[in-house]
Structures are given as structure tokens and as C-alpha cells.
Amino acid sequence: MKLYILGTSAAFASRDEGCSSYMIESDDNYYLIDVGSGAVNMMSRYIHYTRLSGIFISHLHADHTSDIYPLRYALYTGQKEGKLPRPFPVYMPKKPSKYYRFIKNFIKGECRIHHPSGRKKIKIGNINVNFLRVEHPISTWAMRFEEDGRSLVYTSDTMYFEELVRFSKGANVILAEATLQNIDRELVNLGHMTAEDAGTLASEAGAETLILTHIWPEYDRTISLKEASSTFSGKLFMARGGDIYTI
């Protein structure tokens, strides 16, 4: 299983980074995880869109969904040419209902929407996927991808909380949001972690590797790395668009 970093910026794109978007590869199948601005462009550096097998959307904020709109036209084209299945599978929460209806009405001709559930594990190809509802102002789901005894946890946008530690236990890699730095710690009640929180999560979960992502665009990322290293002593990386990790 491989992880491709497509975009890492929180809220809005920076000069060098698009918004939250990632891709996993397993046995020549490719799945997008969130589709923030710039996702389609970055994906095209690695694969043609007709090689996609599915899309996972953690929550319906714009910085995680905005490229679903141009991507829909690519899916339509691929299906018309017989190169993509119809309907195409998309996993995303159904709330907030006004966001959900808007996206659903736009993609329903090409896609079948499935809803994450903390009670049900799904299998896609060779990968097992578990979901956990996390602490963010709208319905948001962390995801755990497991294949051949290796595991990747994507926290999505969330505060630190103990159930997330349990969900992440023993993960080989945690791709953790680290929106904030300690200077803005009082903002964690908006549903985000500091880099230090992300380090605590990885340490308490016993993870091998922590990758920080969803960084506020105007922060000095070296500070985020330093703050995460104060609570986590394992392998630590700052996600950047274009990075590829083998899980």
C-alpha cells in the first residue's frame, strides 16, 4: 500500500500547496482520500483519472471537497468511453444536509454514494477500511486502512480525544491533521489539533511514523515539526504535495 500526498493546506491553498487531498494505491487500484482544491491536477501527475477505483471524503467542508466538481466531468468522460464503472463509488457523510444535497445532486448521474459508519468495516480490493466519527463541528470521519498487516490512519479534521487514540492503536503510519501551533492553542475548540497534539496522538497510539498535514498556510512548518517532536520520538515527517510513502 502506498500513500500519495496531493495537497496539505488547511482552509485555503497556499502558493506551494493545494488543500487536503491524498491517494492510496493497492494492487494497481487507486483511491482518492479527500479532494480539496488542486487534487485533480496533482493526481494527474501519477495516474490518468480512468485508473481511479473510488473516492473517500472525510467531511463536506470546501477545502476537502472542492475538486469533486471538476472531477465529476472526468468521471463522466471516462464512463462515456467505457473506461470507468457506472456508478462510480464515493464514500462520504450525509450531513450537513445542505452540503450533501448539493454535492449529491451534482454527481448522482455518475456516482453511487455510500455513507461511512463506525459500526461497519468495508473491504475495497485488498484493503479493509474502518471509520471513526471524530470531534469536528460537522460530521467528520477518520479512516483506518489495513492491508497485509500494515495500517494507515487518516485523522481528518479533529480535536485530540481518547477514542481517536484507541482507533489509531498500533498503526504503522498516522496521517494527522496539525492545523494549529501552540501559539494558537486556544483555537482547538474549533475542532483541530496542534502539532503537539498530533505528536501525543502518535505516541499514545504507539505509531511507527507520524506525517503532519492540514497546516495553516501562513505558519512556519519547521515550528510545527519542532512542536510535534516534543511529544513524539518516532519517525516524523511534514507532508508536502508530491511526497510518496510506502506503508
# chains A, B, ... in the order shown; residues from 1 in each chain; ligands from 1
call {"tool": "select_by_dssp", "arguments": {"residues": "stretch 50-137 of chain A", "states": "helix (DSSP H, G or I)", "output": "number ranges by chain"}}
result
A: 50-51, 62-65, 68-80, 97-107
call {"tool": "residues_around", "arguments": {"residues": "stretch 22-27 of chain A", "least_positions_apart": "4", "cutoff": "7 Å", "atoms": "only C-alpha atoms", "output": "PyMOL selection string"}}
result
chain A and resi 1-7+31-34
call {"tool": "write_last_selection", "arguments": {"atoms": "all heavy atoms", "output": "short mmCIF file (atom, residue, chain, number, x, y, z; two decimals), in the first residue's frame"}}
result
data_model
loop_
_atom_site.label_atom_id
_atom_site.label_comp_id
_atom_site.auth_asym_id
_atom_site.auth_seq_id
_atom_site.Cartn_x
_atom_site.Cartn_y
_atom_site.Cartn_z
N MET A 1 0.85 -1.19 0.00
CA MET A 1 0.00 0.00 0.00
C MET A 1 0.89 1.24 0.00
O MET A 1 1.84 1.33 0.78
CB MET A 1 -0.91 -0.01 1.23
CG MET A 1 -1.89 1.14 1.32
SD MET A 1 -3.23 0.85 2.50
CE MET A 1 -2.35 0.47 4.02
N LYS A 2 0.59 2.18 -0.88
CA LYS A 2 1.33 3.43 -0.96
C LYS A 2 0.39 4.60 -0.70
O LYS A 2 -0.79 4.55 -1.04
CB LYS A 2 1.98 3.60 -2.34
CG LYS A 2 3.16 2.70 -2.60
CD LYS A 2 3.80 3.03 -3.95
CE LYS A 2 5.02 2.16 -4.20
NZ LYS A 2 5.65 2.46 -5.52
N LEU A 3 0.95 5.64 -0.12
CA LEU A 3 0.24 6.88 0.15
C LEU A 3 0.86 7.99 -0.67
O LEU A 3 2.07 8.23 -0.59
CB LEU A 3 0.31 7.22 1.63
CG LEU A 3 -0.15 8.62 2.04
CD1 LEU A 3 -1.66 8.78 1.83
CD2 LEU A 3 0.22 8.90 3.50
N TYR A 4 0.04 8.67 -1.46
CA TYR A 4 0.48 9.82 -2.25
C TYR A 4 -0.09 11.08 -1.61
O TYR A 4 -1.29 11.17 -1.35
CB TYR A 4 -0.05 9.73 -3.68
CG TYR A 4 0.48 8.58 -4.49
CD1 TYR A 4 0.03 7.28 -4.27
CD2 TYR A 4 1.41 8.78 -5.51
CE1 TYR A 4 0.51 6.21 -5.03
CE2 TYR A 4 1.88 7.72 -6.28
CZ TYR A 4 1.43 6.45 -6.03
OH TYR A 4 1.90 5.40 -6.78
N ILE A 5 0.76 12.06 -1.36
CA ILE A 5 0.32 13.34 -0.81
C ILE A 5 0.03 14.27 -1.98
O ILE A 5 0.93 14.60 -2.76
CB ILE A 5 1.39 13.96 0.10
CG1 ILE A 5 1.83 12.96 1.18
CG2 ILE A 5 0.86 15.25 0.71
CD1 ILE A 5 0.75 12.55 2.15
N LEU A 6 -1.22 14.70 -2.10
CA LEU A 6 -1.61 15.59 -3.20
C LEU A 6 -1.73 17.04 -2.74
O LEU A 6 -1.38 17.96 -3.49
CB LEU A 6 -2.92 15.12 -3.82
CG LEU A 6 -2.95 13.65 -4.30
CD1 LEU A 6 -4.30 13.33 -4.94
CD2 LEU A 6 -1.81 13.35 -5.27
N GLY A 7 -2.24 17.26 -1.54
CA GLY A 7 -2.40 18.62 -1.02
C GLY A 7 -2.49 18.59 0.49
O GLY A 7 -3.03 17.66 1.07
N TYR A 31 -7.31 5.06 -4.90
CA TYR A 31 -8.45 5.65 -4.22
C TYR A 31 -8.07 7.04 -3.72
O TYR A 31 -7.05 7.20 -3.03
CB TYR A 31 -8.87 4.79 -3.03
CG TYR A 31 -9.16 3.35 -3.39
CD1 TYR A 31 -8.15 2.39 -3.37
CD2 TYR A 31 -10.44 2.96 -3.77
CE1 TYR A 31 -8.41 1.08 -3.71
CE2 TYR A 31 -10.71 1.64 -4.11
CZ TYR A 31 -9.69 0.70 -4.09
OH TYR A 31 -9.94 -0.60 -4.43
N LEU A 32 -8.87 8.02 -4.06
CA LEU A 32 -8.66 9.37 -3.52
C LEU A 32 -9.22 9.44 -2.12
O LEU A 32 -10.29 8.88 -1.82
CB LEU A 32 -9.35 10.40 -4.40
CG LEU A 32 -8.70 10.73 -5.75
CD1 LEU A 32 -9.56 11.72 -6.53
CD2 LEU A 32 -7.29 11.28 -5.56
N ILE A 33 -8.50 10.16 -1.26
CA ILE A 33 -8.97 10.46 0.10
C ILE A 33 -9.04 11.97 0.21
O ILE A 33 -8.01 12.65 0.29
CB ILE A 33 -8.03 9.88 1.16
CG1 ILE A 33 -7.79 8.39 0.94
CG2 ILE A 33 -8.60 10.13 2.56
CD1 ILE A 33 -6.71 7.81 1.84
N ASP A 34 -10.22 12.50 0.20
CA ASP A 34 -10.50 13.94 0.14
C ASP A 34 -10.03 14.52 -1.20
O ASP A 34 -9.09 14.02 -1.82
CB ASP A 34 -9.91 14.69 1.32
CG ASP A 34 -10.69 14.45 2.61
OD1 ASP A 34 -11.83 13.96 2.53
OD2 ASP A 34 -10.16 14.74 3.70
#
call {"tool": "atom_distance", "arguments": {"atom1": "atom CA of A:Tyr160", "atom2": "atom CA of A:Ile223"}}
result
19.2 Å
call {"tool": "residues_around", "arguments": {"residues": "A:Ser21", "least_positions_apart": "6", "cutoff": "10 Å", "atoms": "only C-alpha atoms", "output": "PyMOL selection string"}}
result
chain A and resi 4-9+32-40+42-43+56-57+63-65+67+213-214+241
call {"tool": "residues_around", "arguments": {"residues": "A:Glu218", "least_positions_apart": "2", "cutoff": "10 Å", "atoms": "only C-alpha atoms", "output": "short mmCIF file (atom, residue, chain, number, x, y, z; two decimals) with N, CA, C and O atoms, in the first residue's frame"}}
result
data_model
loop_
_atom_site.label_atom_id
_atom_site.label_comp_id
_atom_site.auth_asym_id
_atom_site.auth_seq_id
_atom_site.Cartn_x
_atom_site.Cartn_y
_atom_site.Cartn_z
N SER A 9 -2.74 21.86 2.58
CA SER A 9 -3.02 23.16 3.18
C SER A 9 -4.40 23.19 3.83
O SER A 9 -5.37 22.69 3.26
N ALA A 10 -4.48 23.80 5.00
CA ALA A 10 -5.76 23.94 5.70
C ALA A 10 -6.51 25.17 5.21
O ALA A 10 -5.92 26.23 5.03
N SER A 14 -2.14 27.48 -0.41
CA SER A 14 -1.02 28.41 -0.38
C SER A 14 -0.37 28.46 -1.76
O SER A 14 -0.81 27.79 -2.70
N ILE A 215 -2.01 21.95 7.43
CA ILE A 215 -1.28 23.01 8.14
C ILE A 215 -1.83 24.37 7.72
O ILE A 215 -2.08 24.61 6.54
N TRP A 216 -2.02 25.25 8.70
CA TRP A 216 -2.47 26.61 8.38
C TRP A 216 -1.46 27.24 7.43
O TRP A 216 -0.25 27.23 7.68
N ASP A 220 5.00 28.80 9.80
CA ASP A 220 6.33 28.26 9.52
C ASP A 220 6.28 26.78 9.88
O ASP A 220 6.16 26.41 11.06
N ARG A 221 6.38 25.91 8.89
CA ARG A 221 6.18 24.48 9.13
C ARG A 221 7.30 23.86 9.97
O ARG A 221 7.11 22.81 10.57
#
call {"tool": "closest_atom_pairs", "arguments": {"of": "stretch 185-220 of chain A", "to": "stretch 125-144 of chain A", "cutoff": "9 Å", "atoms": "only C-alpha atoms", "output": "Markdown table"}}
result
| residue | atom | partner | partner_atom | distance |
| --- | --- | --- | --- | --- |
| A:Asn189 | CA | A:His136 | CA | 8.7 |
| A:Leu190 | CA | A:Pro137 | CA | 7.0 |
| A:Gly191 | CA | A:His136 | CA | 4.3 |
| A:His192 | CA | A:His136 | CA | 7.2 |
call {"tool": "closest_residue", "arguments": {"among": "A:Tyr91, A:Tyr99, A:Tyr30, A:Phe237", "to": "A:Thr209", "atoms": "only C-alpha atoms"}}
result
A:Phe237
call {"tool": "residues_around", "arguments": {"residues": "A:Ser53", "least_positions_apart": "2", "cutoff": "9 Å", "atoms": "only C-alpha atoms", "output": "PDB file with all heavy atoms, in the first residue's frame"}}
result
ATOM      1  N   ASN A  29      -4.884  -0.558  -7.780  1.00  0.00           N
ATOM      2  CA  ASN A  29      -6.114   0.203  -7.579  1.00  0.00           C
ATOM      3  C   ASN A  29      -5.762   1.501  -6.864  1.00  0.00           C
ATOM      4  O   ASN A  29      -4.891   1.517  -5.979  1.00  0.00           O
ATOM      5  CB  ASN A  29      -7.128  -0.586  -6.742  1.00  0.00           C
ATOM      6  CG  ASN A  29      -7.661  -1.782  -7.476  1.00  0.00           C
ATOM      7  OD1 ASN A  29      -8.129  -1.683  -8.609  1.00  0.00           O
ATOM      8  ND2 ASN A  29      -7.593  -2.951  -6.839  1.00  0.00           N
ATOM      9  N   TYR A  30      -6.452   2.576  -7.227  1.00  0.00           N
ATOM     10  CA  TYR A  30      -6.150   3.900  -6.682  1.00  0.00           C
ATOM     11  C   TYR A  30      -7.432   4.519  -6.120  1.00  0.00           C
ATOM     12  O   TYR A  30      -8.478   4.511  -6.775  1.00  0.00           O
ATOM     13  CB  TYR A  30      -5.573   4.812  -7.764  1.00  0.00           C
ATOM     14  CG  TYR A  30      -4.227   4.350  -8.277  1.00  0.00           C
ATOM     15  CD1 TYR A  30      -4.143   3.411  -9.289  1.00  0.00           C
ATOM     16  CD2 TYR A  30      -3.046   4.845  -7.727  1.00  0.00           C
ATOM     17  CE1 TYR A  30      -2.906   2.974  -9.764  1.00  0.00           C
ATOM     18  CE2 TYR A  30      -1.812   4.423  -8.184  1.00  0.00           C
ATOM     19  CZ  TYR A  30      -1.748   3.493  -9.205  1.00  0.00           C
ATOM     20  OH  TYR A  30      -0.526   3.063  -9.662  1.00  0.00           O
ATOM     21  N   TYR A  31      -7.306   5.059  -4.903  1.00  0.00           N
ATOM     22  CA  TYR A  31      -8.449   5.654  -4.218  1.00  0.00           C
ATOM     23  C   TYR A  31      -8.066   7.041  -3.723  1.00  0.00           C
ATOM     24  O   TYR A  31      -7.051   7.203  -3.031  1.00  0.00           O
ATOM     25  CB  TYR A  31      -8.868   4.787  -3.029  1.00  0.00           C
ATOM     26  CG  TYR A  31      -9.158   3.354  -3.390  1.00  0.00           C
ATOM     27  CD1 TYR A  31      -8.149   2.390  -3.367  1.00  0.00           C
ATOM     28  CD2 TYR A  31     -10.441   2.959  -3.772  1.00  0.00           C
ATOM     29  CE1 TYR A  31      -8.409   1.079  -3.710  1.00  0.00           C
ATOM     30  CE2 TYR A  31     -10.713   1.640  -4.112  1.00  0.00           C
ATOM     31  CZ  TYR A  31      -9.690   0.704  -4.091  1.00  0.00           C
ATOM     32  OH  TYR A  31      -9.942  -0.599  -4.432  1.00  0.00           O
ATOM     33  N   LEU A  32      -8.873   8.021  -4.061  1.00  0.00           N
ATOM     34  CA  LEU A  32      -8.663   9.365  -3.524  1.00  0.00           C
ATOM     35  C   LEU A  32      -9.220   9.444  -2.116  1.00  0.00           C
ATOM     36  O   LEU A  32     -10.286   8.876  -1.817  1.00  0.00           O
ATOM     37  CB  LEU A  32      -9.355  10.405  -4.403  1.00  0.00           C
ATOM     38  CG  LEU A  32      -8.702  10.726  -5.748  1.00  0.00           C
ATOM     39  CD1 LEU A  32      -9.559  11.715  -6.526  1.00  0.00           C
ATOM     40  CD2 LEU A  32      -7.294  11.279  -5.558  1.00  0.00           C
ATOM     41  N   THR A  50      -8.863   7.620 -15.333  1.00  0.00           N
ATOM     42  CA  THR A  50      -9.583   6.377 -15.601  1.00  0.00           C
ATOM     43  C   THR A  50      -9.033   5.204 -14.797  1.00  0.00           C
ATOM     44  O   THR A  50      -9.616   4.116 -14.829  1.00  0.00           O
ATOM     45  CB  THR A  50      -9.529   6.024 -17.101  1.00  0.00           C
ATOM     46  OG1 THR A  50      -8.163   6.004 -17.529  1.00  0.00           O
ATOM     47  CG2 THR A  50     -10.310   7.035 -17.915  1.00  0.00           C
ATOM     48  N   ARG A  51      -7.948   5.414 -14.049  1.00  0.00           N
ATOM     49  CA  ARG A  51      -7.416   4.353 -13.200  1.00  0.00           C
ATOM     50  C   ARG A  51      -7.963   4.432 -11.770  1.00  0.00           C
ATOM     51  O   ARG A  51      -7.664   3.561 -10.936  1.00  0.00           O
ATOM     52  CB  ARG A  51      -5.889   4.391 -13.181  1.00  0.00           C
ATOM     53  CG  ARG A  51      -5.278   4.155 -14.563  1.00  0.00           C
ATOM     54  CD  ARG A  51      -3.768   4.128 -14.522  1.00  0.00           C
ATOM     55  NE  ARG A  51      -3.266   2.961 -13.816  1.00  0.00           N
ATOM     56  CZ  ARG A  51      -1.984   2.786 -13.491  1.00  0.00           C
ATOM     57  NH1 ARG A  51      -1.097   3.715 -13.800  1.00  0.00           N
ATOM     58  NH2 ARG A  51      -1.601   1.692 -12.841  1.00  0.00           N
ATOM     59  N   ILE A  55     -13.540   6.984  -4.278  1.00  0.00           N
ATOM     60  CA  ILE A  55     -13.240   8.249  -3.608  1.00  0.00           C
ATOM     61  C   ILE A  55     -13.783   8.188  -2.181  1.00  0.00           C
ATOM     62  O   ILE A  55     -14.934   7.788  -1.960  1.00  0.00           O
ATOM     63  CB  ILE A  55     -13.877   9.446  -4.339  1.00  0.00           C
ATOM     64  CG1 ILE A  55     -13.369   9.548  -5.783  1.00  0.00           C
ATOM     65  CG2 ILE A  55     -13.607  10.750  -3.587  1.00  0.00           C
ATOM     66  CD1 ILE A  55     -14.142  10.541  -6.625  1.00  0.00           C
ATOM     67  N   LEU A  84     -14.477   3.633 -17.107  1.00  0.00           N
ATOM     68  CA  LEU A  84     -14.755   3.692 -15.678  1.00  0.00           C
ATOM     69  C   LEU A  84     -16.111   3.060 -15.412  1.00  0.00           C
ATOM     70  O   LEU A  84     -17.016   3.143 -16.252  1.00  0.00           O
ATOM     71  CB  LEU A  84     -14.778   5.149 -15.183  1.00  0.00           C
ATOM     72  CG  LEU A  84     -13.434   5.833 -14.930  1.00  0.00           C
ATOM     73  CD1 LEU A  84     -13.649   7.304 -14.604  1.00  0.00           C
ATOM     74  CD2 LEU A  84     -12.679   5.160 -13.805  1.00  0.00           C
ATOM     75  N   PRO A  85     -16.279   2.425 -14.240  1.00  0.00           N
ATOM     76  CA  PRO A  85     -17.579   1.812 -13.926  1.00  0.00           C
ATOM     77  C   PRO A  85     -18.646   2.865 -13.678  1.00  0.00           C
ATOM     78  O   PRO A  85     -18.357   3.982 -13.253  1.00  0.00           O
ATOM     79  CB  PRO A  85     -17.283   1.019 -12.652  1.00  0.00           C
ATOM     80  CG  PRO A  85     -16.143   1.746 -12.015  1.00  0.00           C
ATOM     81  CD  PRO A  85     -15.297   2.243 -13.161  1.00  0.00           C
ATOM     82  N   PHE A  88     -19.938   5.099 -10.113  1.00  0.00           N
ATOM     83  CA  PHE A  88     -18.609   5.149  -9.511  1.00  0.00           C
ATOM     84  C   PHE A  88     -18.776   5.315  -8.003  1.00  0.00           C
ATOM     85  O   PHE A  88     -19.558   6.148  -7.547  1.00  0.00           O
ATOM     86  CB  PHE A  88     -17.832   6.329 -10.101  1.00  0.00           C
ATOM     87  CG  PHE A  88     -16.391   6.360  -9.716  1.00  0.00           C
ATOM     88  CD1 PHE A  88     -15.459   5.616 -10.418  1.00  0.00           C
ATOM     89  CD2 PHE A  88     -15.956   7.135  -8.633  1.00  0.00           C
ATOM     90  CE1 PHE A  88     -14.111   5.647 -10.071  1.00  0.00           C
ATOM     91  CE2 PHE A  88     -14.624   7.168  -8.285  1.00  0.00           C
ATOM     92  CZ  PHE A  88     -13.704   6.415  -8.999  1.00  0.00           C
ATOM     93  N   PRO A  89     -18.044   4.532  -7.172  1.00  0.00           N
ATOM     94  CA  PRO A  89     -18.265   4.576  -5.718  1.00  0.00           C
ATOM     95  C   PRO A  89     -17.629   5.790  -5.032  1.00  0.00           C
ATOM     96  O   PRO A  89     -16.450   6.081  -5.230  1.00  0.00           O
ATOM     97  CB  PRO A  89     -17.626   3.276  -5.225  1.00  0.00           C
ATOM     98  CG  PRO A  89     -16.571   2.959  -6.241  1.00  0.00           C
ATOM     99  CD  PRO A  89     -17.106   3.459  -7.561  1.00  0.00           C
ATOM    100  N   ILE A 124     -12.359  -2.890   0.248  1.00  0.00           N
ATOM    101  CA  ILE A 124     -12.195  -2.409  -1.127  1.00  0.00           C
ATOM    102  C   ILE A 124     -10.942  -3.069  -1.689  1.00  0.00           C
ATOM    103  O   ILE A 124      -9.840  -2.815  -1.217  1.00  0.00           O
ATOM    104  CB  ILE A 124     -12.097  -0.869  -1.191  1.00  0.00           C
ATOM    105  CG1 ILE A 124     -11.028  -0.345  -0.227  1.00  0.00           C
ATOM    106  CG2 ILE A 124     -13.449  -0.217  -0.894  1.00  0.00           C
ATOM    107  CD1 ILE A 124     -10.661   1.108  -0.441  1.00  0.00           C
TER     108      ILE A 124
END
call {"tool": "select_by_dssp", "arguments": {"residues": "stretch 9-246 of chain A", "states": "strand (DSSP E)", "output": "VMD selection string"}}
result
chain A and resid 21 to 26 29 to 35 52 to 56 88 to 91 111 to 114 122 to 124 127 to 133 141 to 147 150 to 154 173 to 177 209 to 213 235 to 238 244 to 246
call {"tool": "closest_residue", "arguments": {"among": "A:Glu146, A:Ala62, A:Tyr76, A:Asp28", "to": "A:Ala13", "atoms": "only C-alpha atoms"}}
result
A:Ala62
call {"tool": "residues_around", "arguments": {"residues": "A:Tyr49", "least_positions_apart": "5", "cutoff": "8 Å", "atoms": "only C-alpha atoms", "output": "number ranges by chain"}}
result
A: 43-44, 74-75, 78
call {"tool": "closest_residue", "arguments": {"among": "A:Ala198, A:Pro70, A:Phe145, A:Ser168", "to": "A:Lys123", "atoms": "only C-alpha atoms"}}
result
A:Phe145
call {"tool": "closest_residue", "arguments": {"among": "A:Met159, A:Ala195, A:Ile247, A:Val153", "to": "A:Gln181", "atoms": "only C-alpha atoms"}}
result
A:Ala195
call {"tool": "closest_residue", "arguments": {"among": "A:Gly109, A:Glu81, A:His114, A:Glu177", "to": "A:Pro93", "atoms": "only C-alpha atoms"}}
result
A:His114
call {"tool": "closest_residue", "arguments": {"among": "A:Gly149, A:Gly170, A:Pro87, A:Gly54", "to": "A:Glu208", "atoms": "only C-alpha atoms"}}
result
A:Gly170
